[in-house]
$ cat data37.txt   # compact mmCIF, C-alpha atoms and all ligand atoms
# COMPACT_ATOMS: atom_id res chain seq x y z
CA MET S 1 10.23 -8.24 0.36
CA VAL S 2 6.87 -7.15 -1.01
CA VAL S 3 6.24 -8.01 -4.66
CA MET S 4 3.32 -7.74 -7.05
CA LYS S 5 2.12 -11.26 -6.17
CA ASP S 6 1.58 -10.13 -2.55
CA ILE S 7 -0.45 -7.14 -3.67
CA LEU S 8 -2.65 -9.31 -5.91
CA ALA S 9 -3.21 -11.65 -2.94
CA ALA S 10 -4.09 -8.66 -0.75
CA ALA S 11 -6.62 -7.52 -3.35
CA ARG S 12 -8.38 -10.89 -2.93
CA ALA S 13 -8.22 -10.69 0.90
CA ILE S 14 -9.86 -7.27 1.12
CA HIS S 15 -12.31 -7.73 -1.75
CA GLY S 16 -15.83 -6.63 -0.95
CA VAL S 17 -14.88 -4.84 2.29
CA ALA S 18 -12.16 -2.25 1.62
CA ASP S 19 -11.79 -2.02 -2.15
CA ALA S 20 -13.39 -0.32 -5.16
CA THR S 21 -13.35 3.28 -3.96
CA PRO S 22 -14.10 5.86 -6.71
CA LEU S 23 -11.45 7.62 -8.83
CA VAL S 24 -12.70 11.06 -9.89
CA PRO S 25 -11.14 14.12 -11.54
CA SER S 26 -10.61 17.17 -9.34
CA LEU S 27 -11.99 20.52 -10.51
CA VAL S 28 -9.06 22.34 -8.92
CA PRO S 29 -6.63 22.11 -11.90
CA SER S 30 -9.12 23.75 -14.27
CA THR S 31 -10.18 26.45 -11.82
CA VAL S 32 -6.75 27.18 -10.37
CA PHE S 33 -4.37 26.51 -13.31
CA GLY S 34 -6.67 27.02 -16.30
CA ARG S 35 -7.48 24.30 -18.83
CA ASN S 36 -3.88 23.43 -19.74
CA GLY S 37 -2.98 22.32 -16.27
CA GLY S 38 -3.71 18.64 -16.92
CA ALA S 39 -5.92 16.32 -14.90
CA LEU S 40 -5.58 15.45 -11.24
CA TRP S 41 -7.38 12.20 -10.40
CA LEU S 42 -8.49 11.75 -6.81
CA LYS S 43 -8.70 8.25 -5.32
CA LEU S 44 -11.43 8.60 -2.72
CA GLU S 45 -10.22 6.53 0.23
CA THR S 46 -12.37 8.98 2.18
CA CYS S 47 -15.21 6.62 1.15
CA GLN S 48 -13.81 3.67 3.14
CA PRO S 49 -16.19 2.45 5.86
CA MET S 50 -14.02 3.84 8.68
CA GLY S 51 -12.92 6.85 6.69
CA ALA S 52 -9.36 6.04 5.61
CA PHE S 53 -7.29 3.73 3.39
CA LYS S 54 -5.67 2.01 6.36
CA LEU S 55 -8.47 -0.55 6.40
CA ARG S 56 -6.81 -2.21 3.41
CA GLY S 57 -3.55 -2.98 5.22
CA ALA S 58 -5.19 -3.87 8.53
CA LEU S 59 -7.63 -6.31 6.93
CA ASN S 60 -4.86 -7.95 4.96
CA ALA S 61 -2.61 -8.28 8.03
CA ILE S 62 -5.42 -9.69 10.21
CA SER S 63 -6.44 -12.13 7.48
CA HIS S 64 -2.92 -13.62 7.74
CA LEU S 65 -3.01 -14.22 11.55
CA PRO S 66 -3.12 -17.85 12.71
CA GLU S 67 -6.20 -19.14 14.56
CA GLY S 68 -6.18 -18.72 18.35
CA VAL S 69 -4.21 -15.47 18.78
CA PRO S 70 -5.38 -13.59 21.94
CA GLY S 71 -5.84 -10.32 20.11
CA VAL S 72 -4.09 -7.47 18.36
CA THR S 73 -2.56 -4.15 19.33
CA CYS S 74 -0.95 -1.22 17.55
CA CYS S 75 0.18 2.35 17.99
CA SER S 76 -1.59 4.86 15.81
CA THR S 77 -2.26 8.54 15.06
CA GLY S 78 -5.84 7.42 14.75
CA ASN S 79 -6.61 5.96 11.35
CA HIS S 80 -4.50 2.81 11.69
CA GLY S 81 -5.96 2.26 15.15
CA ARG S 82 -9.44 2.74 13.76
CA ALA S 83 -8.72 0.31 10.95
CA VAL S 84 -7.25 -2.35 13.26
CA ALA S 85 -10.25 -1.94 15.61
CA TYR S 86 -12.65 -2.35 12.70
CA ALA S 87 -10.84 -5.31 11.13
CA ALA S 88 -10.35 -7.04 14.53
CA ALA S 89 -14.03 -6.64 15.44
CA ALA S 90 -14.97 -8.13 12.07
CA ARG S 91 -12.96 -11.25 13.04
CA GLY S 92 -14.17 -11.28 16.68
CA LEU S 93 -10.69 -10.43 18.03
CA ARG S 94 -9.80 -8.25 21.04
CA SER S 95 -7.94 -5.06 20.08
CA VAL S 96 -5.99 -2.54 22.21
CA ILE S 97 -5.05 0.68 20.44
CA CYS S 98 -2.13 2.79 21.82
CA MET S 99 -1.91 6.52 21.00
CA SER S 100 -0.06 9.63 22.12
CA GLU S 101 -1.68 12.67 23.75
CA LEU S 102 -1.31 14.60 20.45
CA VAL S 103 -4.08 12.61 18.79
CA PRO S 104 -7.31 14.63 18.34
CA LYS S 105 -10.20 13.61 20.60
CA ALA S 106 -12.51 12.91 17.65
CA LYS S 107 -10.20 10.09 16.58
CA VAL S 108 -9.96 8.58 20.10
CA ASP S 109 -13.77 8.58 20.44
CA GLY S 110 -14.16 7.01 17.00
CA ILE S 111 -11.92 4.10 17.99
CA ARG S 112 -13.71 3.43 21.29
CA ALA S 113 -16.99 3.39 19.36
CA LEU S 114 -15.65 0.48 17.28
CA GLY S 115 -15.32 -1.58 20.45
CA ALA S 116 -11.55 -1.33 20.96
CA GLU S 117 -9.72 -0.53 24.21
CA VAL S 118 -7.64 2.68 24.03
CA HIS S 119 -4.37 3.28 25.92
CA ILE S 120 -3.13 6.92 25.83
CA TYR S 121 0.63 6.94 26.38
CA GLY S 122 3.27 9.69 26.06
CA ARG S 123 3.77 12.68 23.74
CA SER S 124 4.71 10.98 20.49
CA GLN S 125 4.05 8.02 18.27
CA ASP S 126 7.33 6.56 19.43
CA ASP S 127 6.12 6.68 23.06
CA ALA S 128 2.83 5.01 22.10
CA GLN S 129 4.79 2.30 20.30
CA ILE S 130 6.55 1.43 23.59
CA GLU S 131 3.15 0.64 25.14
CA ALA S 132 2.14 -1.52 22.15
CA ALA S 133 5.43 -3.43 22.46
CA ARG S 134 4.74 -3.99 26.19
CA LEU S 135 1.25 -5.40 25.47
CA SER S 136 2.75 -7.64 22.85
CA ALA S 137 5.48 -8.95 25.20
CA GLU S 138 3.34 -9.29 28.34
CA GLU S 139 -0.07 -10.27 26.98
CA GLY S 140 0.82 -11.92 23.68
CA LEU S 141 -1.17 -9.46 21.57
CA ILE S 142 0.04 -9.29 17.98
CA ASP S 143 1.49 -5.81 17.30
CA ILE S 144 0.48 -4.66 13.82
CA SER S 145 2.74 -1.87 12.56
CA PRO S 146 0.95 0.98 10.77
CA PHE S 147 3.51 0.92 7.95
CA ASP S 148 6.45 -1.46 8.49
CA ASP S 149 4.68 -4.78 7.94
CA PRO S 150 4.75 -6.60 4.58
CA HIS S 151 1.03 -7.47 4.77
CA VAL S 152 0.12 -3.87 5.57
CA ILE S 153 2.31 -2.60 2.73
CA ALA S 154 0.74 -5.11 0.31
CA GLY S 155 -2.76 -4.07 1.40
CA GLN S 156 -2.04 -0.37 0.78
CA GLY S 157 -0.54 -1.28 -2.60
CA THR S 158 -3.97 -2.37 -3.84
CA ILE S 159 -4.82 1.35 -4.17
CA ALA S 160 -2.39 1.70 -7.08
CA LEU S 161 -3.78 -1.46 -8.72
CA GLU S 162 -7.26 0.04 -8.68
CA MET S 163 -6.10 3.47 -9.85
CA LEU S 164 -4.24 2.05 -12.83
CA ALA S 165 -7.11 -0.28 -13.72
CA ALA S 166 -9.51 2.67 -13.74
CA CYS S 167 -7.12 5.08 -15.50
CA PRO S 168 -4.21 3.35 -17.31
CA GLU S 169 -2.98 6.74 -18.67
CA LEU S 170 -1.88 7.95 -15.22
CA ASP S 171 1.68 9.32 -15.57
CA ALA S 172 2.46 10.51 -12.03
CA LEU S 173 1.32 9.66 -8.52
CA LEU S 174 1.47 12.13 -5.62
CA ILE S 175 1.48 9.92 -2.53
CA PRO S 176 0.99 11.27 1.02
CA LEU S 177 4.03 10.04 2.94
CA SER S 178 4.55 9.35 6.62
CA GLY S 179 5.84 5.93 7.69
CA GLY S 180 5.79 4.98 4.03
CA GLY S 181 3.54 1.91 4.03
CA LEU S 182 1.21 3.56 1.54
CA ALA S 183 3.98 4.88 -0.70
CA ALA S 184 5.94 1.60 -0.57
CA GLY S 185 2.95 -0.57 -1.49
CA MET S 186 1.71 1.77 -4.19
CA ALA S 187 5.22 2.10 -5.64
CA VAL S 188 5.67 -1.69 -5.89
CA ALA S 189 2.40 -2.00 -7.83
CA ALA S 190 2.87 1.11 -9.97
CA ARG S 191 6.46 0.26 -10.96
CA ALA S 192 5.35 -3.24 -12.00
CA LEU S 193 2.40 -2.02 -14.07
CA SER S 194 3.76 1.24 -15.43
CA PRO S 195 7.56 1.46 -15.15
CA ASP S 196 7.83 5.08 -16.37
CA MET S 197 5.32 6.46 -13.88
CA ARG S 198 6.63 9.37 -11.78
CA LEU S 199 6.29 8.49 -8.09
CA ILE S 200 6.39 11.44 -5.73
CA GLY S 201 6.05 11.20 -1.95
CA VAL S 202 4.66 14.28 -0.21
CA SER S 203 5.01 15.18 3.49
CA MET S 204 4.56 18.30 5.63
CA ASP S 205 7.76 20.28 6.10
CA ARG S 206 7.79 20.06 9.91
CA GLY S 207 8.57 16.60 11.26
CA ALA S 208 8.91 14.66 7.98
CA ALA S 209 10.67 11.53 9.23
CA MET S 210 10.88 9.63 5.93
CA ALA S 211 12.27 12.63 4.04
CA ALA S 212 14.93 13.19 6.73
CA SER S 213 15.78 9.47 6.73
CA MET S 214 16.13 9.33 2.96
CA ARG S 215 18.48 12.34 3.09
CA ALA S 216 20.52 10.71 5.88
CA GLY S 217 20.59 7.33 4.10
CA ARG S 218 19.24 5.54 7.20
CA PRO S 219 16.21 5.83 9.52
CA VAL S 220 16.54 8.90 11.77
CA GLU S 221 14.31 10.46 14.42
CA VAL S 222 12.66 13.84 14.01
CA GLU S 223 10.74 15.92 16.50
CA GLU S 224 6.99 15.45 16.19
CA VAL S 225 5.01 18.71 16.15
CA PRO S 226 1.31 19.45 15.66
CA SER S 227 0.26 19.70 11.99
CA LEU S 228 -2.88 20.09 9.92
CA ALA S 229 -1.67 16.80 8.46
CA ASP S 230 -1.73 15.09 11.88
CA SER S 231 -2.02 11.65 10.23
CA LEU S 232 1.45 12.17 8.76
CA GLY S 233 3.09 12.62 12.19
CA GLY S 234 5.47 10.16 13.81
CA GLY S 235 8.75 8.46 13.07
CA ILE S 236 9.55 5.58 10.74
CA GLY S 237 11.19 3.49 13.49
CA LEU S 238 14.97 3.30 13.87
CA GLU S 239 14.69 -0.45 13.30
CA ASN S 240 12.67 0.02 10.10
CA ARG S 241 12.87 -3.14 7.99
CA HIS S 242 10.63 -2.66 4.95
CA SER S 243 9.08 0.72 4.20
CA PHE S 244 12.29 2.77 4.32
CA ARG S 245 14.14 0.59 1.83
CA LEU S 246 11.18 0.43 -0.56
CA CYS S 247 10.59 4.20 -0.45
CA ARG S 248 14.29 4.92 -0.90
CA ASP S 249 14.56 2.56 -3.87
CA LEU S 250 11.25 3.24 -5.62
CA LEU S 251 10.23 6.88 -5.11
CA ASP S 252 11.58 9.40 -7.64
CA GLU S 253 11.38 12.32 -5.24
CA VAL S 254 9.96 13.55 -1.96
CA VAL S 255 8.38 17.00 -1.76
CA LEU S 256 7.59 18.94 1.44
CA VAL S 257 4.66 21.35 1.86
CA THR S 258 4.06 24.05 4.48
CA GLU S 259 1.11 24.27 6.84
CA THR S 260 -0.21 27.26 4.89
CA GLU S 261 -0.04 25.26 1.64
CA ILE S 262 -1.97 22.42 3.31
CA TYR S 263 -4.54 24.92 4.65
CA VAL S 264 -5.12 26.42 1.19
CA ALA S 265 -5.40 22.98 -0.43
CA MET S 266 -8.01 21.87 2.15
CA GLN S 267 -10.00 24.99 1.28
CA ALA S 268 -9.68 24.39 -2.47
CA LEU S 269 -10.76 20.76 -2.22
CA TYR S 270 -13.76 21.74 -0.13
CA HIS S 271 -14.87 24.75 -2.17
CA GLU S 272 -14.13 23.41 -5.68
CA ASP S 273 -14.71 19.66 -5.26
CA ARG S 274 -17.06 19.92 -2.25
CA MET S 275 -15.05 17.30 -0.38
CA VAL S 276 -14.17 16.88 3.28
CA ALA S 277 -10.67 15.48 3.73
CA GLU S 278 -7.89 15.54 6.31
CA GLY S 279 -4.81 17.71 5.92
CA ALA S 280 -2.84 14.51 5.23
CA SER S 281 -5.12 13.82 2.26
CA VAL S 282 -4.43 17.07 0.46
CA VAL S 283 -0.62 17.25 0.57
CA GLY S 284 -0.43 16.05 -3.06
CA LEU S 285 -2.87 18.73 -4.15
CA ALA S 286 -0.97 21.25 -2.01
CA ALA S 287 2.33 20.39 -3.71
CA LEU S 288 0.74 20.85 -7.13
CA MET S 289 -0.97 24.14 -6.20
CA ALA S 290 2.27 25.47 -4.70
CA GLY S 291 4.21 24.69 -7.91
CA LYS S 292 6.46 22.24 -6.07
CA VAL S 293 5.94 19.44 -8.61
CA THR S 294 6.11 19.69 -12.38
CA PRO S 295 2.58 19.13 -13.69
CA SER S 296 1.96 16.35 -16.21
CA PRO S 297 -1.16 15.46 -18.22
CA GLN S 298 -2.59 12.69 -16.03
CA MET S 299 -1.61 12.94 -12.39
CA GLY S 300 -3.21 11.05 -9.55
CA THR S 301 -3.28 11.42 -5.79
CA VAL S 302 -4.95 9.62 -2.89
CA LEU S 303 -7.44 11.37 -0.61
CA THR S 304 -6.24 9.15 2.20
CA GLY S 305 -8.82 9.93 4.91
CA ARG S 306 -11.76 12.03 6.02
CA ASN S 307 -11.41 11.79 9.81
CA VAL S 308 -11.01 15.52 10.45
CA ASP S 309 -11.40 17.27 13.76
CA MET S 310 -14.62 19.10 12.89
CA ALA S 311 -13.83 22.26 14.89
CA GLN S 312 -10.45 22.68 13.19
CA PHE S 313 -11.83 21.78 9.76
CA THR S 314 -14.52 24.45 10.14
CA GLN S 315 -11.84 27.03 11.01
CA VAL S 316 -9.90 26.15 7.86
CA ILE S 317 -12.74 26.21 5.34
CA THR S 318 -14.18 29.42 6.79
CA GLY S 319 -10.78 31.12 6.58
CA GLN S 320 -10.05 31.49 10.29
CA GLY S 321 -6.61 31.26 11.86
CA VAL S 322 -5.48 27.88 13.20
CA THR S 323 -2.99 27.39 16.04
CA LEU S 324 -0.65 24.40 15.78
CA GLY S 325 1.62 24.37 18.82
CA ASP S 326 4.07 27.26 18.38
CA LEU S 327 2.88 28.01 14.82
CA THR S 328 -0.22 29.94 13.83
CA VAL S 329 -1.54 29.67 10.29
CA LYS S 330 -3.06 33.10 9.63
CA GLY S 331 -6.67 33.27 8.55
CA LEU S 332 -6.99 33.31 4.75
CA PRO S 333 -10.41 33.60 3.09
CA TYR S 334 -10.72 31.14 0.18
CA GLY S 335 -10.07 32.40 -3.33
C1 LIG V 401 -1.45 6.76 7.69
C2 LIG V 401 -1.94 7.85 6.85
C3 LIG V 401 -1.12 8.41 5.86
C4 LIG V 401 0.33 8.01 5.62
O1 LIG V 401 0.53 6.63 5.39
P1 LIG V 401 1.97 5.96 5.65
O2 LIG V 401 1.81 4.56 5.21
O3 LIG V 401 2.26 6.07 7.12
O4 LIG V 401 2.97 6.72 4.86
C5 LIG V 401 -1.66 9.41 5.06
N1 LIG V 401 -2.93 9.85 5.26
C6 LIG V 401 -3.74 9.35 6.21
C7 LIG V 401 -5.11 9.89 6.35
C8 LIG V 401 -3.27 8.33 7.04
O5 LIG V 401 -4.08 7.84 7.98
$ encode --input "data37.txt" --output "structure tokens"
Amino acid sequence: MVVMKDILAAARAIHGVADATPLVPSLVPSTVFGRNGGALWLKLETCQPMGAFKLRGALNAISHLPEGVPGVTCCSTGNHGRAVAYAAAARGLRSVICMSELVPKAKVDGIRALGAEVHIYGRSQDDAQIEAARLSAEEGLIDISPFDDPHVIAGQGTIALEMLAACPELDALLIPLSGGGLAAGMAVAARALSPDMRLIGVSMDRGAAMAASMRAGRPVEVEEVPSLADSLGGGIGLENRHSFRLCRDLLDEVVLVTETEIYVAMQALYHEDRMVAEGASVVGLAALMAGKVTPSPQMGTVLTGRNVDMAQFTQVITGQGVTLGDLTVKGLPYG
């Protein structure tokens, strides 16, 4: 169980390190939809010290570890690993980060630079998780889940607290959705503070594990494929204990966006708002631009991270084609 009390405690645990990111209005609704489109507020987790919101959950989880643990481990598409490395270093703890071969090199290098050890293992998040479980069993490292851990969920929930404190009129949240730690935590806080708020999870349409699991009524596996939203890749764990139930019970709907819709939203955010953000960050904007969610006067979304692969990001914003495994997103000049 994660309740509001846990999120308030997390807010105290992360205070001064991973909180108080800006909330700013996007220029995209006025330029793309005209003035009647309503506001879209952007929570800039891109301003976190290691470039993504995951620092909130990792700091909160590590602050709850007993004295004397030998270290921590995790499996990660990059940002959770980066956050665990950062939070562990801040507490003087050893960290070993396990990732699959699909993770972009920029993210691997970023993690090594924070002083963590990196183990590359297998072709999927699920493979990398096997290595983290081994380190936990054989070396006693504490395995911190990127999304299925009550302290991580509570840490991510602090984002909704801050958004509603800054803008109490918010009427809908578009939440990037992968393993569901972010959506679960934000939904607990938002439902408590603003019961009528529309809560919409957004994933890419290829390999959306939470959406498939919610349809099936239980955690299911999906094939992981390359995506512009690489931070949204990976399963939710067949033994999922927390994030699946919370997302199923608290989200009003889950919307899926295509790679082309993500590509166009990355361009719009860059050219209109002059912001650099990962594909995973713009899925809420993409859903709105594609007409896949009903607009309302005061919507909010989270720009979850800025840790782009610079070569690929440059291709997108300059309108070049991008190859993602067996799919090519055709080049589209902006506008
Ligand atoms: C982890 C992550 C997400 C998704 O968070 P979940 O808790 O797994 O749903 C979205 N965007 C970025 C940049 C991330 O790193």
$ residues_around --input "data37.txt" --residues "range 302-315 of chain S" --least-positions-apart "5" --cutoff "10 Å" --atoms "all atoms listed in the file" --output "PyMOL selection string"
chain S and resi 23+41-48+50-54+78-79+104-107+110+159-160+163+173-176+182+228-231+263+266-267+275-285+320-323+331
$ atom_distance --input "data37.txt" --atom1 "CA of Ser136 in chain S" --atom2 "CA of Ile236 in chain S"
19.2 Å
$ atom_distance --input "data37.txt" --atom1 "CA of Val264 in chain S" --atom2 "CA of Met289 in chain S"
8.8 Å
$ atom_distance --input "data37.txt" --atom1 "atom P1 of ligand LIG 401 (chain V)" --atom2 "CA of Met4 in chain S"
18.7 Å
$ residues_around --input "data37.txt" --residues "Ile14 in chain S" --least-positions-apart "3" --cutoff "9 Å" --atoms "all atoms listed in the file" --output "ChimeraX atom specification"
/S:9-11,17-19,55-57,59-60,63,155
$ residues_around --input "data37.txt" --residues "range 88-92 of chain S" --least-positions-apart "5" --cutoff "10 Å" --atoms "only C-alpha atoms" --output "number ranges by chain"
S: 58-59, 62-63, 71-73, 82-83, 114-116
$ residues_around --input "data37.txt" --residues "range 240-256 of chain S" --least-positions-apart "2" --cutoff "9 Å" --atoms "all atoms listed in the file" --output "PyMOL selection string"
chain S and resi 1-2+147-150+153+177+179-185+187-188+191+198-206+208+210-211+213-214+217-219+236-238+258+283-284+287+292-293
$ axis_aligned_box --input "data37.txt" --around "ligand LIG 401 (chain V)" --padding-each-side "5 Å" --output "lines of an AutoDock Vina configuration file"
center_x = -1.1
center_y = 7.2
center_z = 6.4
size_x = 18.1
size_y = 15.3
size_z = 13.1
$ residues_around --input "data37.txt" --residues "range 121-130 of chain S" --least-positions-apart "6" --cutoff "7 Å" --atoms "only C-alpha atoms" --output "number ranges by chain"
S: 75-76, 98-102, 224, 234-235
$ closest_residue --input "data37.txt" --among "S:Gly207, S:Pro168, S:Pro70, S:Gly38" --to "Gly140 in chain S" --atoms "all atoms listed in the file"
S:Pro70
$ closest_residue --input "data37.txt" --among "S:Thr158, S:Ala165, S:Leu40, S:His80" --to "ligand LIG 401 (chain V)" --atoms "all atoms listed in the file"
S:His80
$ closest_residue --input "data37.txt" --among "S:Asp273, S:Glu239, S:Asp196, S:Asp171" --to "Pro295 in chain S" --atoms "only C-alpha atoms"
S:Asp171
$ closest_residue --input "data37.txt" --among "S:Ile144, S:Pro25, S:Gln156, S:Gly34" --to "Gly81 in chain S" --atoms "only C-alpha atoms"
S:Ile144
$ closest_residue --input "data37.txt" --among "S:Pro29, S:Pro49, S:Gly16, S:Pro297" --to "Met197 in chain S" --atoms "only C-alpha atoms"
S:Pro297
$ closest_residue --input "data37.txt" --among "S:Ile262, S:Pro66, S:Ser227, S:Ser178" --to "ligand LIG 401 (chain V)" --atoms "only C-alpha atoms and all ligand atoms"
S:Ser178
$ decode --input "data37.txt" --residues "range 280-309 of chain S" --atoms "N, CA and C atoms" --output "mmCIF file, in the first residue's frame"
data_model
loop_
_atom_site.group_PDB
_atom_site.id
_atom_site.type_symbol
_atom_site.label_atom_id
_atom_site.label_comp_id
_atom_site.auth_asym_id
_atom_site.auth_seq_id
_atom_site.Cartn_x
_atom_site.Cartn_y
_atom_site.Cartn_z
ATOM 1 N N ALA S 280 10.300 9.694 -24.272
ATOM 2 C CA ALA S 280 9.405 9.305 -23.173
ATOM 3 C C ALA S 280 8.754 10.514 -22.520
ATOM 4 N N SER S 281 9.409 11.649 -22.578
ATOM 5 C CA SER S 281 8.905 12.867 -21.935
ATOM 6 C C SER S 281 7.736 13.483 -22.672
ATOM 7 N N VAL S 282 7.673 13.256 -23.975
ATOM 8 C CA VAL S 282 6.708 13.995 -24.792
ATOM 9 C C VAL S 282 5.486 13.173 -25.165
ATOM 10 N N VAL S 283 5.330 11.969 -24.597
ATOM 11 C CA VAL S 283 4.180 11.152 -25.019
ATOM 12 C C VAL S 283 2.852 11.818 -24.643
ATOM 13 N N GLY S 284 2.813 12.552 -23.538
ATOM 14 C CA GLY S 284 1.585 13.274 -23.167
ATOM 15 C C GLY S 284 1.267 14.352 -24.190
ATOM 16 N N LEU S 285 2.268 15.124 -24.537
ATOM 17 C CA LEU S 285 2.106 16.146 -25.577
ATOM 18 C C LEU S 285 1.708 15.491 -26.898
ATOM 19 N N ALA S 286 2.331 14.363 -27.218
ATOM 20 C CA ALA S 286 2.027 13.656 -28.465
ATOM 21 C C ALA S 286 0.564 13.217 -28.502
ATOM 22 N N ALA S 287 0.062 12.706 -27.383
ATOM 23 C CA ALA S 287 -1.338 12.258 -27.330
ATOM 24 C C ALA S 287 -2.288 13.429 -27.552
ATOM 25 N N LEU S 288 -1.943 14.573 -26.972
ATOM 26 C CA LEU S 288 -2.779 15.768 -27.134
ATOM 27 C C LEU S 288 -2.728 16.265 -28.579
ATOM 28 N N MET S 289 -1.529 16.341 -29.154
ATOM 29 C CA MET S 289 -1.378 16.825 -30.527
ATOM 30 C C MET S 289 -2.073 15.899 -31.519
ATOM 31 N N ALA S 290 -2.075 14.604 -31.222
ATOM 32 C CA ALA S 290 -2.680 13.626 -32.138
ATOM 33 C C ALA S 290 -4.194 13.527 -31.959
ATOM 34 N N GLY S 291 -4.757 14.303 -31.012
ATOM 35 C CA GLY S 291 -6.205 14.243 -30.788
ATOM 36 C C GLY S 291 -6.650 12.969 -30.102
ATOM 37 N N LYS S 292 -5.734 12.312 -29.382
ATOM 38 C CA LYS S 292 -6.084 11.048 -28.731
ATOM 39 C C LYS S 292 -6.612 11.233 -27.308
ATOM 40 N N VAL S 293 -6.536 12.463 -26.785
ATOM 41 C CA VAL S 293 -7.193 12.757 -25.503
ATOM 42 C C VAL S 293 -8.060 13.995 -25.708
ATOM 43 N N THR S 294 -9.177 14.028 -24.977
ATOM 44 C CA THR S 294 -10.060 15.185 -25.053
ATOM 45 C C THR S 294 -9.415 16.330 -24.296
ATOM 46 N N PRO S 295 -9.182 17.481 -24.944
ATOM 47 C CA PRO S 295 -8.534 18.575 -24.238
ATOM 48 C C PRO S 295 -9.433 19.123 -23.129
ATOM 49 N N SER S 296 -8.816 19.645 -22.081
ATOM 50 C CA SER S 296 -9.566 20.346 -21.037
ATOM 51 C C SER S 296 -8.792 21.617 -20.699
ATOM 52 N N PRO S 297 -9.378 22.533 -19.922
ATOM 53 C CA PRO S 297 -8.769 23.858 -19.765
ATOM 54 C C PRO S 297 -7.376 23.864 -19.140
ATOM 55 N N GLN S 298 -7.126 23.004 -18.170
ATOM 56 C CA GLN S 298 -5.854 23.080 -17.438
ATOM 57 C C GLN S 298 -5.237 21.692 -17.324
ATOM 58 N N MET S 299 -4.549 21.288 -18.388
ATOM 59 C CA MET S 299 -3.926 19.964 -18.373
ATOM 60 C C MET S 299 -2.469 20.084 -17.940
ATOM 61 N N GLY S 300 -1.953 18.995 -17.410
ATOM 62 C CA GLY S 300 -0.546 18.989 -17.029
ATOM 63 C C GLY S 300 0.128 17.707 -17.485
ATOM 64 N N THR S 301 1.415 17.790 -17.794
ATOM 65 C CA THR S 301 2.173 16.582 -18.087
ATOM 66 C C THR S 301 3.572 16.735 -17.490
ATOM 67 N N VAL S 302 4.297 15.631 -17.437
ATOM 68 C CA VAL S 302 5.634 15.633 -16.852
ATOM 69 C C VAL S 302 6.655 15.443 -17.960
ATOM 70 N N LEU S 303 7.575 16.401 -18.108
ATOM 71 C CA LEU S 303 8.737 16.163 -18.975
ATOM 72 C C LEU S 303 9.706 15.359 -18.121
ATOM 73 N N THR S 304 9.646 14.029 -18.303
ATOM 74 C CA THR S 304 10.245 13.121 -17.324
ATOM 75 C C THR S 304 11.768 13.093 -17.357
ATOM 76 N N GLY S 305 12.377 13.371 -18.526
ATOM 77 C CA GLY S 305 13.841 13.306 -18.576
ATOM 78 C C GLY S 305 14.424 13.973 -19.808
ATOM 79 N N ARG S 306 15.702 14.312 -19.715
ATOM 80 C CA ARG S 306 16.369 15.000 -20.828
ATOM 81 C C ARG S 306 17.545 14.195 -21.365
ATOM 82 N N ASN S 307 17.686 12.926 -20.948
ATOM 83 C CA ASN S 307 18.897 12.175 -21.295
ATOM 84 C C ASN S 307 18.774 11.538 -22.679
ATOM 85 N N VAL S 308 18.725 12.393 -23.697
ATOM 86 C CA VAL S 308 18.593 11.939 -25.085
ATOM 87 C C VAL S 308 19.927 11.435 -25.604
ATOM 88 N N ASP S 309 19.857 10.560 -26.599
ATOM 89 C CA ASP S 309 21.018 10.245 -27.415
ATOM 90 C C ASP S 309 21.159 11.425 -28.385
#
